[in-house]
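Reproduced below: target-v1.cif, with mmCIF, C-alpha atoms and all ligand atoms.
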```cif
data_run
loop_
_atom_site.label_atom_id
_atom_site.label_comp_id
_atom_site.auth_asym_id
_atom_site.auth_seq_id
_atom_site.Cartn_x
_atom_site.Cartn_y
_atom_site.Cartn_z
CA MET Y 1 -66.96 -53.50 7.06
CA THR Y 2 -65.41 -54.95 10.22
CA THR Y 3 -67.54 -52.45 12.14
CA THR Y 4 -70.66 -54.54 12.01
CA SER Y 5 -69.24 -58.06 11.89
CA GLN Y 6 -66.95 -57.81 14.91
CA THR Y 7 -69.08 -57.47 18.03
CA THR Y 8 -67.43 -59.40 20.88
CA THR Y 9 -64.43 -57.99 22.72
CA GLN Y 10 -61.94 -60.73 21.89
CA VAL Y 11 -58.41 -61.34 23.08
CA GLY Y 12 -56.07 -59.71 20.59
CA ASN Y 13 -58.21 -56.65 19.84
CA TYR Y 14 -55.86 -53.75 19.35
CA PHE Y 15 -56.05 -50.02 19.12
CA VAL Y 16 -54.59 -48.19 16.08
CA SER Y 17 -52.22 -45.64 17.58
CA ASN Y 18 -49.66 -45.30 14.79
CA TYR Y 19 -48.82 -46.23 11.23
CA PRO Y 20 -47.15 -48.27 9.73
CA PRO Y 21 -47.84 -51.16 12.13
CA PHE Y 22 -45.19 -51.60 14.85
CA SER Y 23 -44.33 -55.05 13.48
CA GLN Y 24 -42.74 -53.30 10.48
CA TRP Y 25 -40.25 -51.34 12.60
CA LYS Y 26 -37.00 -53.32 12.46
CA PRO Y 27 -33.60 -53.43 14.19
CA GLU Y 28 -31.90 -53.24 10.77
CA PHE Y 29 -33.31 -49.73 10.27
CA VAL Y 30 -31.95 -48.29 13.54
CA HIS Y 31 -29.08 -46.69 11.59
CA GLU Y 32 -31.73 -44.56 9.80
CA ALA Y 33 -32.82 -43.09 13.13
CA LEU Y 34 -29.21 -42.39 14.09
CA ALA Y 35 -28.61 -40.76 10.70
CA VAL Y 36 -31.59 -38.45 11.01
CA LEU Y 37 -30.48 -37.36 14.48
CA ASP Y 38 -27.11 -36.44 13.02
CA GLN Y 39 -28.71 -33.97 10.58
CA PRO Y 40 -30.31 -30.61 11.28
CA ALA Y 41 -34.04 -31.36 11.74
CA ARG Y 42 -35.72 -31.55 8.33
CA THR Y 43 -38.89 -30.11 9.65
CA GLU Y 44 -40.66 -27.10 11.05
CA GLU Y 45 -43.08 -29.40 12.83
CA PRO Y 46 -43.97 -28.85 16.50
CA PHE Y 47 -41.59 -30.62 18.83
CA GLY Y 48 -42.17 -32.39 22.12
CA LEU Y 49 -40.76 -34.75 24.69
CA TYR Y 50 -42.32 -37.88 26.18
CA LEU Y 51 -40.89 -39.29 29.42
CA HIS Y 52 -41.79 -42.84 30.32
CA ILE Y 53 -41.98 -43.63 34.03
CA PRO Y 54 -42.74 -47.37 34.03
CA PHE Y 55 -43.51 -47.96 37.73
CA CYS Y 56 -46.89 -48.73 39.30
CA ARG Y 57 -48.10 -49.73 42.74
CA LYS Y 58 -49.94 -52.72 41.32
CA ARG Y 59 -50.59 -54.17 37.87
CA CYS Y 60 -54.18 -53.51 36.72
CA LYS Y 61 -55.77 -56.58 35.18
CA PHE Y 62 -56.43 -54.79 31.89
CA CYS Y 63 -52.99 -53.20 31.58
CA TYR Y 64 -50.90 -53.89 28.48
CA PHE Y 65 -48.10 -51.41 29.12
CA LYS Y 66 -44.54 -52.15 30.09
CA VAL Y 67 -44.72 -51.56 33.85
CA TYR Y 68 -42.79 -52.67 36.93
CA THR Y 69 -44.35 -53.14 40.34
CA ASP Y 70 -41.28 -54.61 42.03
CA LYS Y 71 -38.55 -51.96 41.73
CA ASN Y 72 -37.10 -50.53 44.92
CA ALA Y 73 -36.06 -46.90 45.50
CA SER Y 74 -32.47 -47.41 44.40
CA GLU Y 75 -33.49 -49.15 41.17
CA ILE Y 76 -35.91 -46.32 40.46
CA GLU Y 77 -33.12 -43.83 41.00
CA VAL Y 78 -30.85 -45.71 38.59
CA TYR Y 79 -33.64 -45.48 36.01
CA LEU Y 80 -34.21 -41.76 36.56
CA GLU Y 81 -30.47 -41.19 36.19
CA ALA Y 82 -30.62 -43.08 32.87
CA LEU Y 83 -33.47 -40.82 31.69
CA ILE Y 84 -31.33 -37.77 32.43
CA LYS Y 85 -28.40 -39.26 30.50
CA GLU Y 86 -30.64 -40.11 27.59
CA ALA Y 87 -31.85 -36.49 27.49
CA GLU Y 88 -28.21 -35.39 27.56
CA TYR Y 89 -27.43 -37.67 24.61
CA PHE Y 90 -30.26 -36.21 22.53
CA ALA Y 91 -29.34 -32.66 23.50
CA ARG Y 92 -25.91 -33.23 21.90
CA THR Y 93 -27.34 -34.33 18.54
CA ARG Y 94 -27.46 -31.93 15.60
CA ALA Y 95 -31.16 -32.53 15.16
CA PHE Y 96 -31.91 -31.15 18.63
CA GLN Y 97 -30.15 -27.82 18.13
CA ASP Y 98 -32.37 -24.72 18.03
CA ARG Y 99 -35.53 -26.68 18.67
CA GLU Y 100 -37.88 -25.48 21.32
CA LEU Y 101 -40.23 -27.84 23.15
CA ARG Y 102 -43.90 -27.12 22.60
CA PHE Y 103 -44.99 -29.87 24.93
CA ALA Y 104 -43.72 -32.37 27.45
CA TYR Y 105 -45.63 -35.46 28.53
CA PHE Y 106 -44.87 -37.59 31.58
CA GLY Y 107 -46.57 -40.94 30.94
CA GLY Y 108 -46.29 -44.48 32.10
CA GLY Y 109 -46.75 -46.49 34.13
CA THR Y 110 -47.50 -44.06 36.85
CA PRO Y 111 -45.32 -40.93 36.82
CA SER Y 112 -46.90 -39.86 40.11
CA TYR Y 113 -45.50 -43.02 41.73
CA ILE Y 114 -42.08 -41.38 42.15
CA SER Y 115 -41.43 -39.37 45.31
CA GLU Y 116 -41.13 -35.60 45.60
CA ARG Y 117 -37.38 -35.95 46.15
CA GLN Y 118 -36.99 -38.17 43.08
CA LEU Y 119 -39.11 -35.78 41.03
CA HIS Y 120 -36.96 -32.81 41.99
CA HIS Y 121 -33.83 -34.78 41.17
CA LEU Y 122 -35.20 -35.89 37.79
CA VAL Y 123 -36.38 -32.46 36.75
CA ASN Y 124 -33.20 -30.68 37.90
CA GLY Y 125 -31.17 -33.22 35.93
CA LEU Y 126 -33.31 -32.99 32.80
CA ASN Y 127 -33.34 -29.21 32.87
CA LYS Y 128 -29.58 -29.10 32.36
CA HIS Y 129 -30.22 -30.53 28.87
CA VAL Y 130 -33.80 -29.75 27.89
CA SER Y 131 -36.17 -27.07 29.02
CA TRP Y 132 -39.94 -26.94 28.93
CA ASP Y 133 -40.04 -23.43 30.40
CA ARG Y 134 -41.65 -22.10 27.23
CA ALA Y 135 -43.71 -25.20 26.44
CA GLU Y 136 -47.44 -24.61 26.00
CA GLU Y 137 -48.41 -27.87 27.68
CA VAL Y 138 -46.80 -30.14 30.26
CA THR Y 139 -48.94 -33.18 31.03
CA PHE Y 140 -48.42 -35.44 34.02
CA GLU Y 141 -50.35 -38.73 34.38
CA CYS Y 142 -51.35 -39.60 37.93
CA GLU Y 143 -52.84 -42.49 39.85
CA PRO Y 144 -55.06 -41.00 42.59
CA GLY Y 145 -53.60 -43.11 45.40
CA THR Y 146 -50.05 -41.84 44.82
CA LEU Y 147 -50.74 -38.15 45.34
CA ARG Y 148 -50.79 -35.88 48.33
CA ARG Y 149 -50.81 -32.13 48.58
CA SER Y 150 -47.03 -31.71 48.80
CA LYS Y 151 -46.50 -33.78 45.65
CA LEU Y 152 -49.15 -31.80 43.79
CA GLU Y 153 -47.33 -28.62 44.78
CA VAL Y 154 -44.08 -30.01 43.38
CA LEU Y 155 -45.88 -30.81 40.12
CA LYS Y 156 -47.15 -27.26 39.89
CA GLU Y 157 -43.66 -25.97 40.66
CA ILE Y 158 -42.04 -28.02 37.85
CA GLY Y 159 -44.44 -26.53 35.34
CA VAL Y 160 -47.21 -29.11 34.95
CA THR Y 161 -50.13 -27.46 33.14
CA ARG Y 162 -52.31 -30.50 32.58
CA LEU Y 163 -52.85 -33.00 35.35
CA SER Y 164 -54.36 -36.22 34.06
CA LEU Y 165 -56.00 -38.24 36.79
CA GLY Y 166 -56.55 -41.94 36.12
CA ALA Y 167 -59.86 -42.30 37.94
CA GLU Y 168 -61.14 -44.97 35.48
CA HIS Y 169 -64.36 -45.54 37.47
CA PHE Y 170 -66.12 -44.55 40.71
CA ASP Y 171 -67.41 -47.95 41.79
CA ASP Y 172 -65.16 -49.47 44.47
CA GLU Y 173 -66.16 -53.05 43.82
CA LEU Y 174 -65.41 -52.65 40.15
CA LEU Y 175 -62.10 -50.82 40.75
CA ALA Y 176 -60.97 -53.66 43.04
CA ALA Y 177 -62.15 -56.40 40.65
CA ASN Y 178 -60.05 -54.87 37.88
CA GLY Y 179 -56.95 -54.64 40.04
CA ARG Y 180 -56.80 -50.86 40.41
CA ALA Y 181 -54.66 -49.73 43.32
CA HIS Y 182 -57.02 -46.89 44.33
CA LEU Y 183 -60.62 -46.57 45.47
CA SER Y 184 -63.12 -43.77 44.85
CA ALA Y 185 -62.42 -41.93 48.13
CA GLU Y 186 -58.88 -41.26 46.90
CA ILE Y 187 -60.20 -39.75 43.65
CA TYR Y 188 -62.36 -37.26 45.56
CA ASP Y 189 -59.60 -36.41 48.01
CA VAL Y 190 -56.96 -35.83 45.36
CA TYR Y 191 -59.25 -34.00 42.99
CA GLU Y 192 -60.10 -31.42 45.62
CA LYS Y 193 -56.44 -30.94 46.52
CA ALA Y 194 -55.44 -30.66 42.84
CA ARG Y 195 -58.11 -27.99 42.32
CA SER Y 196 -56.80 -25.99 45.26
CA VAL Y 197 -53.25 -26.19 43.87
CA ASP Y 198 -54.77 -24.64 40.75
CA PHE Y 199 -53.54 -26.51 37.69
CA PRO Y 200 -54.63 -24.85 34.46
CA GLN Y 201 -56.25 -28.08 33.26
CA ILE Y 202 -57.39 -31.24 35.04
CA ASN Y 203 -58.36 -34.25 32.97
CA LEU Y 204 -60.17 -37.32 34.27
CA ASP Y 205 -59.67 -40.70 32.60
CA LEU Y 206 -62.56 -43.18 32.54
CA ILE Y 207 -62.87 -46.65 31.03
CA ALA Y 208 -66.16 -47.95 29.64
CA GLY Y 209 -66.51 -51.70 29.94
CA MET Y 210 -64.26 -52.82 32.80
CA VAL Y 211 -64.93 -56.32 34.16
CA GLY Y 212 -68.21 -56.13 36.10
CA GLU Y 213 -69.51 -53.03 34.30
CA THR Y 214 -73.30 -52.65 34.16
CA GLU Y 215 -75.60 -50.05 32.68
CA GLU Y 216 -76.32 -48.64 36.11
CA LYS Y 217 -72.70 -48.55 37.28
CA TRP Y 218 -71.62 -46.81 34.08
CA ARG Y 219 -74.35 -44.17 34.33
CA ASN Y 220 -73.32 -43.58 37.90
CA ALA Y 221 -69.66 -43.23 36.94
CA VAL Y 222 -70.54 -40.64 34.30
CA LYS Y 223 -72.69 -38.74 36.80
CA LYS Y 224 -70.00 -38.74 39.49
CA SER Y 225 -67.28 -37.69 37.09
CA LEU Y 226 -69.46 -34.82 35.86
CA GLU Y 227 -70.13 -33.64 39.40
CA LEU Y 228 -66.40 -32.98 39.73
CA GLN Y 229 -66.50 -30.68 36.67
CA PRO Y 230 -63.16 -31.68 35.18
CA ASP Y 231 -61.79 -29.47 32.41
CA SER Y 232 -61.71 -32.49 30.16
CA VAL Y 233 -62.56 -36.15 30.30
CA THR Y 234 -60.92 -38.98 28.36
CA ILE Y 235 -62.98 -42.13 27.94
CA TYR Y 236 -61.54 -45.36 26.59
CA GLN Y 237 -63.49 -48.42 25.53
CA MET Y 238 -61.93 -51.48 27.19
CA GLU Y 239 -59.65 -53.45 24.84
CA LEU Y 240 -58.13 -56.89 25.31
CA PRO Y 241 -54.60 -57.02 23.87
CA TYR Y 242 -52.83 -60.35 24.44
CA ASN Y 243 -50.61 -59.34 27.33
CA THR Y 244 -53.24 -58.32 29.89
CA ILE Y 245 -53.99 -60.46 32.97
CA ILE Y 246 -57.62 -60.74 31.81
CA SER Y 247 -56.56 -62.02 28.36
CA GLN Y 248 -54.16 -64.53 29.89
CA GLU Y 249 -56.93 -65.84 32.15
CA ILE Y 250 -59.29 -66.21 29.19
CA LEU Y 251 -56.66 -68.05 27.14
CA LYS Y 252 -55.64 -70.33 30.05
CA ASP Y 253 -59.10 -71.28 31.24
CA GLY Y 254 -60.88 -71.14 27.88
CA LYS Y 255 -63.52 -68.84 29.42
CA ASP Y 256 -65.69 -66.39 27.51
CA SER Y 257 -64.60 -62.76 27.44
CA PRO Y 258 -65.82 -60.99 30.62
CA ILE Y 259 -65.83 -57.67 28.78
CA ALA Y 260 -69.04 -56.19 27.35
CA ASP Y 261 -69.34 -56.41 23.58
CA TRP Y 262 -68.47 -53.50 21.31
CA PRO Y 263 -72.05 -52.30 20.63
CA THR Y 264 -72.63 -52.12 24.41
CA LYS Y 265 -69.41 -50.16 25.02
CA GLN Y 266 -70.25 -47.85 22.13
CA ARG Y 267 -73.68 -47.26 23.66
CA TRP Y 268 -72.04 -46.42 27.00
CA LEU Y 269 -69.62 -44.03 25.35
CA ASN Y 270 -72.48 -42.46 23.44
CA TYR Y 271 -74.35 -41.97 26.72
CA ALA Y 272 -71.30 -40.25 28.23
CA PHE Y 273 -70.96 -38.01 25.15
CA ASP Y 274 -74.63 -36.98 25.48
CA GLU Y 275 -74.40 -36.31 29.21
CA TYR Y 276 -71.20 -34.30 28.91
CA GLN Y 277 -72.48 -32.32 25.93
CA ALA Y 278 -75.65 -31.49 27.86
CA ALA Y 279 -73.43 -30.17 30.66
CA GLY Y 280 -71.53 -27.77 28.36
CA TYR Y 281 -68.66 -29.89 27.05
CA GLU Y 282 -67.69 -30.39 23.43
CA ILE Y 283 -66.36 -33.47 21.71
CA ALA Y 284 -62.65 -33.08 20.94
CA SER Y 285 -61.98 -36.60 19.70
CA ALA Y 286 -63.32 -40.14 19.78
CA TYR Y 287 -62.08 -40.34 23.37
CA THR Y 288 -62.13 -36.79 24.73
CA LEU Y 289 -64.54 -34.05 25.69
CA ALA Y 290 -63.51 -30.62 26.91
CA THR Y 291 -65.35 -27.90 28.75
CA LYS Y 292 -66.46 -24.88 26.76
CA LYS Y 293 -65.90 -22.65 29.80
CA LYS Y 294 -62.21 -22.14 29.03
CA PRO Y 295 -59.78 -22.92 26.24
CA CYS Y 296 -58.75 -26.57 26.51
CA ARG Y 297 -56.39 -27.66 23.79
CA PHE Y 298 -54.48 -30.93 23.63
CA ILE Y 299 -51.15 -29.92 22.21
CA TYR Y 300 -49.65 -33.40 22.65
CA THR Y 301 -52.19 -35.28 20.53
CA ASP Y 302 -52.68 -32.34 18.21
CA ALA Y 303 -48.96 -32.23 17.41
CA LEU Y 304 -48.58 -36.01 17.11
CA TRP Y 305 -51.64 -36.44 14.93
CA HIS Y 306 -50.40 -33.70 12.57
CA GLY Y 307 -46.96 -35.25 12.00
CA GLY Y 308 -45.14 -33.40 14.80
CA ASP Y 309 -41.78 -34.55 16.14
CA MET Y 310 -41.53 -36.22 19.51
CA ILE Y 311 -38.63 -37.84 21.28
CA GLY Y 312 -39.57 -40.53 23.79
CA LEU Y 313 -37.20 -41.13 26.69
CA GLY Y 314 -37.24 -44.33 28.74
CA VAL Y 315 -37.63 -48.06 28.39
CA SER Y 316 -39.82 -49.07 25.39
CA SER Y 317 -40.53 -45.42 24.52
CA PHE Y 318 -41.62 -44.47 21.02
CA SER Y 319 -40.27 -41.54 19.01
CA HIS Y 320 -41.17 -39.94 15.72
CA PHE Y 321 -38.59 -37.56 14.36
CA SER Y 322 -38.05 -36.05 10.89
CA GLY Y 323 -40.18 -38.76 9.29
CA VAL Y 324 -38.57 -41.71 11.12
CA HIS Y 325 -40.22 -43.89 13.78
CA PHE Y 326 -38.03 -45.46 16.44
CA GLN Y 327 -38.48 -47.30 19.71
CA ASN Y 328 -36.27 -48.06 22.70
CA VAL Y 329 -35.42 -51.53 23.97
CA HIS Y 330 -38.04 -53.31 26.12
CA SER Y 331 -35.84 -54.53 28.96
CA PHE Y 332 -35.15 -52.34 31.99
CA GLU Y 333 -31.65 -53.82 32.46
CA GLU Y 334 -30.69 -53.46 28.80
CA TYR Y 335 -31.98 -49.89 28.70
CA VAL Y 336 -29.95 -48.87 31.74
CA SER Y 337 -26.85 -50.71 30.56
CA LEU Y 338 -26.87 -49.16 27.04
CA ILE Y 339 -27.33 -45.67 28.47
CA ASP Y 340 -24.44 -46.39 30.81
CA LYS Y 341 -22.26 -47.07 27.76
CA ASP Y 342 -23.39 -43.75 26.26
CA GLU Y 343 -25.34 -45.50 23.50
CA LEU Y 344 -28.86 -44.71 22.42
CA PRO Y 345 -30.95 -47.70 23.57
CA LEU Y 346 -32.75 -48.18 20.26
CA LEU Y 347 -34.50 -51.44 19.45
CA ARG Y 348 -36.10 -50.84 16.06
CA ALA Y 349 -36.91 -48.11 13.54
CA LEU Y 350 -38.66 -47.33 10.28
CA THR Y 351 -38.43 -44.45 7.80
CA LEU Y 352 -41.86 -43.55 6.46
CA THR Y 353 -42.49 -43.17 2.75
CA PRO Y 354 -44.48 -40.07 1.67
CA LYS Y 355 -47.57 -42.30 1.23
CA GLN Y 356 -47.15 -43.71 4.75
CA LYS Y 357 -46.89 -40.21 6.22
CA LEU Y 358 -50.17 -39.35 4.51
CA ILE Y 359 -51.93 -42.50 5.75
CA ARG Y 360 -50.58 -41.96 9.26
CA GLU Y 361 -52.07 -38.47 9.43
CA ILE Y 362 -55.38 -39.64 7.96
CA VAL Y 363 -55.86 -42.43 10.50
CA LEU Y 364 -54.74 -40.29 13.45
CA GLN Y 365 -56.73 -37.21 12.50
CA LEU Y 366 -59.86 -39.26 11.84
CA LYS Y 367 -59.83 -39.81 15.62
CA THR Y 368 -60.74 -36.11 15.95
CA GLY Y 369 -63.84 -36.79 13.88
CA SER Y 370 -62.86 -34.75 10.83
CA LEU Y 371 -60.26 -34.27 8.10
CA ASP Y 372 -59.57 -30.78 6.77
CA LEU Y 373 -59.36 -31.22 2.98
CA LYS Y 374 -57.34 -28.03 2.49
CA TYR Y 375 -54.77 -29.12 5.08
CA PHE Y 376 -54.12 -32.37 3.18
CA GLN Y 377 -54.08 -30.60 -0.19
CA THR Y 378 -51.51 -28.09 1.06
CA LYS Y 379 -49.30 -30.49 2.98
CA PHE Y 380 -49.46 -33.59 0.77
CA GLY Y 381 -50.82 -32.25 -2.52
CA VAL Y 382 -53.68 -34.75 -2.54
CA ASP Y 383 -57.43 -34.78 -2.54
CA VAL Y 384 -57.85 -37.33 0.28
CA TRP Y 385 -61.41 -38.22 -0.65
CA ALA Y 386 -60.42 -39.00 -4.26
CA GLU Y 387 -57.26 -40.84 -3.15
CA PHE Y 388 -59.16 -43.05 -0.68
CA LYS Y 389 -62.52 -43.12 -2.39
CA SER Y 390 -62.71 -46.92 -2.13
CA VAL Y 391 -62.67 -46.58 1.68
CA PHE Y 392 -64.66 -43.37 2.12
CA GLU Y 393 -67.56 -44.27 -0.18
CA PRO Y 394 -68.55 -47.41 1.81
CA LEU Y 395 -68.10 -45.44 5.04
CA LYS Y 396 -70.48 -42.83 3.67
CA GLN Y 397 -72.98 -45.44 2.50
CA ASP Y 398 -72.92 -47.11 5.93
CA GLY Y 399 -73.57 -43.78 7.65
CA PHE Y 400 -70.11 -43.43 9.22
CA ALA Y 401 -68.81 -40.45 7.25
CA GLU Y 402 -70.03 -37.36 5.41
CA LYS Y 403 -68.30 -34.88 3.13
CA ASP Y 404 -68.76 -31.23 2.27
CA ASP Y 405 -66.50 -28.86 0.29
CA SER Y 406 -64.06 -28.36 3.16
CA PHE Y 407 -64.19 -31.39 5.46
CA ILE Y 408 -64.72 -35.11 5.68
CA ARG Y 409 -66.58 -35.63 8.94
CA LEU Y 410 -67.40 -38.74 10.89
CA THR Y 411 -70.95 -39.07 12.11
CA ARG Y 412 -71.45 -39.94 15.80
CA LYS Y 413 -71.85 -43.57 14.74
CA GLY Y 414 -68.54 -43.38 12.85
CA LEU Y 415 -66.71 -41.66 15.70
CA LEU Y 416 -67.81 -44.27 18.24
CA GLN Y 417 -66.37 -47.03 16.04
CA VAL Y 418 -63.43 -45.21 14.49
CA ASP Y 419 -60.78 -47.67 15.70
CA HIS Y 420 -62.56 -50.51 13.92
CA PHE Y 421 -62.19 -49.14 10.40
CA LEU Y 422 -58.86 -47.28 10.46
CA SER Y 423 -56.98 -50.30 9.13
CA GLU Y 424 -59.03 -50.01 5.92
CA PHE Y 425 -56.74 -47.10 5.03
CA PHE Y 426 -53.56 -49.19 5.38
CA GLU Y 427 -51.53 -50.11 2.30
CA PRO Y 428 -52.75 -53.49 0.97
CA GLU Y 429 -49.54 -55.31 1.92
CA LEU Y 430 -49.77 -54.00 5.51
CA LYS Y 431 -53.42 -54.89 6.14
CA ALA Y 432 -52.72 -58.52 6.90
CA VAL Y 433 -49.50 -58.14 8.93
CA ARG Y 434 -49.40 -58.29 12.73
CA TYR Y 435 -50.03 -54.80 14.14
CA VAL Y 436 -47.62 -54.94 17.11
S1 LIG B 1 -51.88 -47.72 36.60
FE1 LIG B 1 -51.94 -47.63 34.36
S2 LIG B 1 -49.90 -48.22 33.70
FE2 LIG B 1 -50.11 -48.87 35.87
S3 LIG B 1 -50.75 -50.98 35.78
FE3 LIG B 1 -52.61 -49.74 35.89
S4 LIG B 1 -53.19 -49.36 33.73
FE4 LIG B 1 -51.08 -50.10 33.75
#
```

Starting from the file, give its structure as structure tokens.
Ligand code: SF4
Amino acid sequence: MTTTSQTTTQVGNYFVSNYPPFSQWKPEFVHEALAVLDQPARTEEPFGLYLHIPFCRKRCKFCYFKVYTDKNASEIEVYLEALIKEAEYFARTRAFQDRELRFAYFGGGTPSYISERQLHHLVNGLNKHVSWDRAEEVTFECEPGTLRRSKLEVLKEIGVTRLSLGAEHFDDELLAANGRAHLSAEIYDVYEKARSVDFPQINLDLIAGMVGETEEKWRNAVKKSLELQPDSVTIYQMELPYNTIISQEILKDGKDSPIADWPTKQRWLNYAFDEYQAAGYEIASAYTLATKKKPCRFIYTDALWHGGDMIGLGVSSFSHFSGVHFQNVHSFEEYVSLIDKDELPLLRALTLTPKQKLIREIVLQLKTGSLDLKYFQTKFGVDVWAEFKSVFEPLKQDGFAEKDDSFIRLTRKGLLQVDHFLSEFFEPELKAVRYV
């Protein structure tokens, strides 16, 4: 299995976040996305909205997202206007009629980068076409240095239920070395203010294995994050996709990877799991722990990982709707110009076969640490263990997975390495293709 052979964090490592691989989504299938939007939705699946705000104060050295650090206020306003028009376009489609949003997710980039005035303008504009008044979860991603009390109050006012704070670490030297725009003092300041504004759920993001990470610094970061008592914590293991500043430096200078190897990062994540569990949190997925003190669900990932529909608005955004994947164009200018012409700014699409829908749910739900056999039998009419025996048996033999009458469960060892074996479930012809 790749789990044991691949130990260094190499340039080009990727994270399985969807299936089939993005490289299989093609411009020639865009008409399939348009066709599905012109039909009443074929599904009773939960429905949500993702809004991409691609602006940041500074580009972090490990960032692989489409972000802009050079846009001025008027360019940002042009973009927000385009988001509103895109929402209006979708609201006119047949597929959107009679569908109620269960979740909304403001991601990026840094959604909290935009000003209070811009936020009000965006939300007032969007609300003419879509409403998240009855949504169970509205998530807003924040960078600590972009928040102040008045902005937090606006976020509460527009219905944010889950504030996700990108702390990433608590060591100032390490934050600076990795190009983060904030320092630890801003995390403490904003966290206290956010608590007093009283959001139903506050999540802290951490990254294990940033450049300069050591055993001691990581233990300290876990301790400091726990002292804040977040409702949930999301912990990523540092990856090195091609388009990060760190990867480019490695490729240019021929240096060794400055990122800790996978076994070390898995050990750090394991340590965090143990510490958080000892403090009364439970593991919700390979990346997330939630407090047991109050109900903490993650409607966004729960819906997506169970085949839910989601429309993504904004440059490069991804959507999954009625069994079709589609993605918007990558260029800011092209996105704005297509919206201006009242066209959907779609770049590429793919209609999933029934087998691909099944594999997609298996790989995504394995990230929760278990597969409910009855769920798959009812929804897809298959015994997943029997169907994928050639993958599950070796996982079981290697101590990554276990099975009882109702569930396939990953062991802790399996959960910590889940992203390394998910591609084993891919169709044979899609195992060797580029992922992105
Ligand atoms: S804040 Fe997030 S989105 Fe922005 S550059 Fe850093 S990692 Fe990328």

Top pick for closest residue to Gly179 in chain Y, considering Y:Phe90, Y:Tyr242, Y:Phe62, Y:Phe273 and counting only C-alpha atoms: Y:Phe62

Could you work out an axis-aligned box for range 318-334 of chain Y, taking every atom the file lists and adding 3 Å on each side, and report centre and edge lengths in Å to one decimal, as JSON?
```
{"center_x": -36.2, "center_y": -45.3, "center_z": 20.9, "size_x": 16.9, "size_y": 24.5, "size_z": 29.2}
```

Close residues to ligand LIG 1 (chain B) using all atoms listed in the file, limit 10 Å, as a PyMOL selection string: chain Y and resi 53-69+107-113+141-144+166-168+178-182+244

Residue nearest Gln397 in chain Y among Y:Gly414, Y:Phe140, Y:Ser322, Y:Met210 (counting only C-alpha atoms): Y:Gly414

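CA of Lys193 in chain Y sits 7.8 Å away from CA of Leu152 in chain Y.
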
Can you complete the atoms of range 46-59 of chain Y to N, CA and C atoms and list them as a short mmCIF file (atom, residue, chain, number, x, y, z; two decimals), in the coordinates of the input?
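Listing of selection_34.cif after writing:
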```cif
data_model
loop_
_atom_site.label_atom_id
_atom_site.label_comp_id
_atom_site.auth_asym_id
_atom_site.auth_seq_id
_atom_site.Cartn_x
_atom_site.Cartn_y
_atom_site.Cartn_z
N PRO Y 46 -44.07 -29.03 15.05
CA PRO Y 46 -43.97 -28.85 16.50
C PRO Y 46 -43.17 -29.99 17.12
N PHE Y 47 -42.56 -29.70 18.24
CA PHE Y 47 -41.59 -30.62 18.83
C PHE Y 47 -41.93 -30.86 20.30
N GLY Y 48 -41.87 -32.10 20.72
CA GLY Y 48 -42.17 -32.39 22.12
C GLY Y 48 -41.36 -33.55 22.67
N LEU Y 49 -41.52 -33.73 23.97
CA LEU Y 49 -40.76 -34.75 24.69
C LEU Y 49 -41.74 -35.63 25.46
N TYR Y 50 -41.52 -36.94 25.38
CA TYR Y 50 -42.32 -37.88 26.18
C TYR Y 50 -41.36 -38.57 27.16
N LEU Y 51 -41.73 -38.63 28.42
CA LEU Y 51 -40.89 -39.29 29.42
C LEU Y 51 -41.66 -40.46 30.01
N HIS Y 52 -41.08 -41.64 29.86
CA HIS Y 52 -41.79 -42.84 30.32
C HIS Y 52 -41.33 -43.24 31.72
N ILE Y 53 -42.27 -43.22 32.65
CA ILE Y 53 -41.98 -43.63 34.03
C ILE Y 53 -42.74 -44.95 34.23
N PRO Y 54 -42.03 -46.09 34.17
CA PRO Y 54 -42.74 -47.37 34.03
C PRO Y 54 -43.08 -48.07 35.35
N PHE Y 55 -43.27 -47.31 36.42
CA PHE Y 55 -43.51 -47.96 37.73
C PHE Y 55 -44.96 -47.77 38.15
N CYS Y 56 -45.52 -48.81 38.77
CA CYS Y 56 -46.89 -48.73 39.30
C CYS Y 56 -46.94 -49.43 40.65
N ARG Y 57 -47.95 -49.06 41.44
CA ARG Y 57 -48.10 -49.73 42.74
C ARG Y 57 -48.52 -51.17 42.55
N LYS Y 58 -49.31 -51.42 41.52
CA LYS Y 58 -49.94 -52.72 41.32
C LYS Y 58 -50.28 -52.84 39.84
N ARG Y 59 -50.26 -54.04 39.29
CA ARG Y 59 -50.59 -54.17 37.87
C ARG Y 59 -52.11 -54.33 37.69
#
```
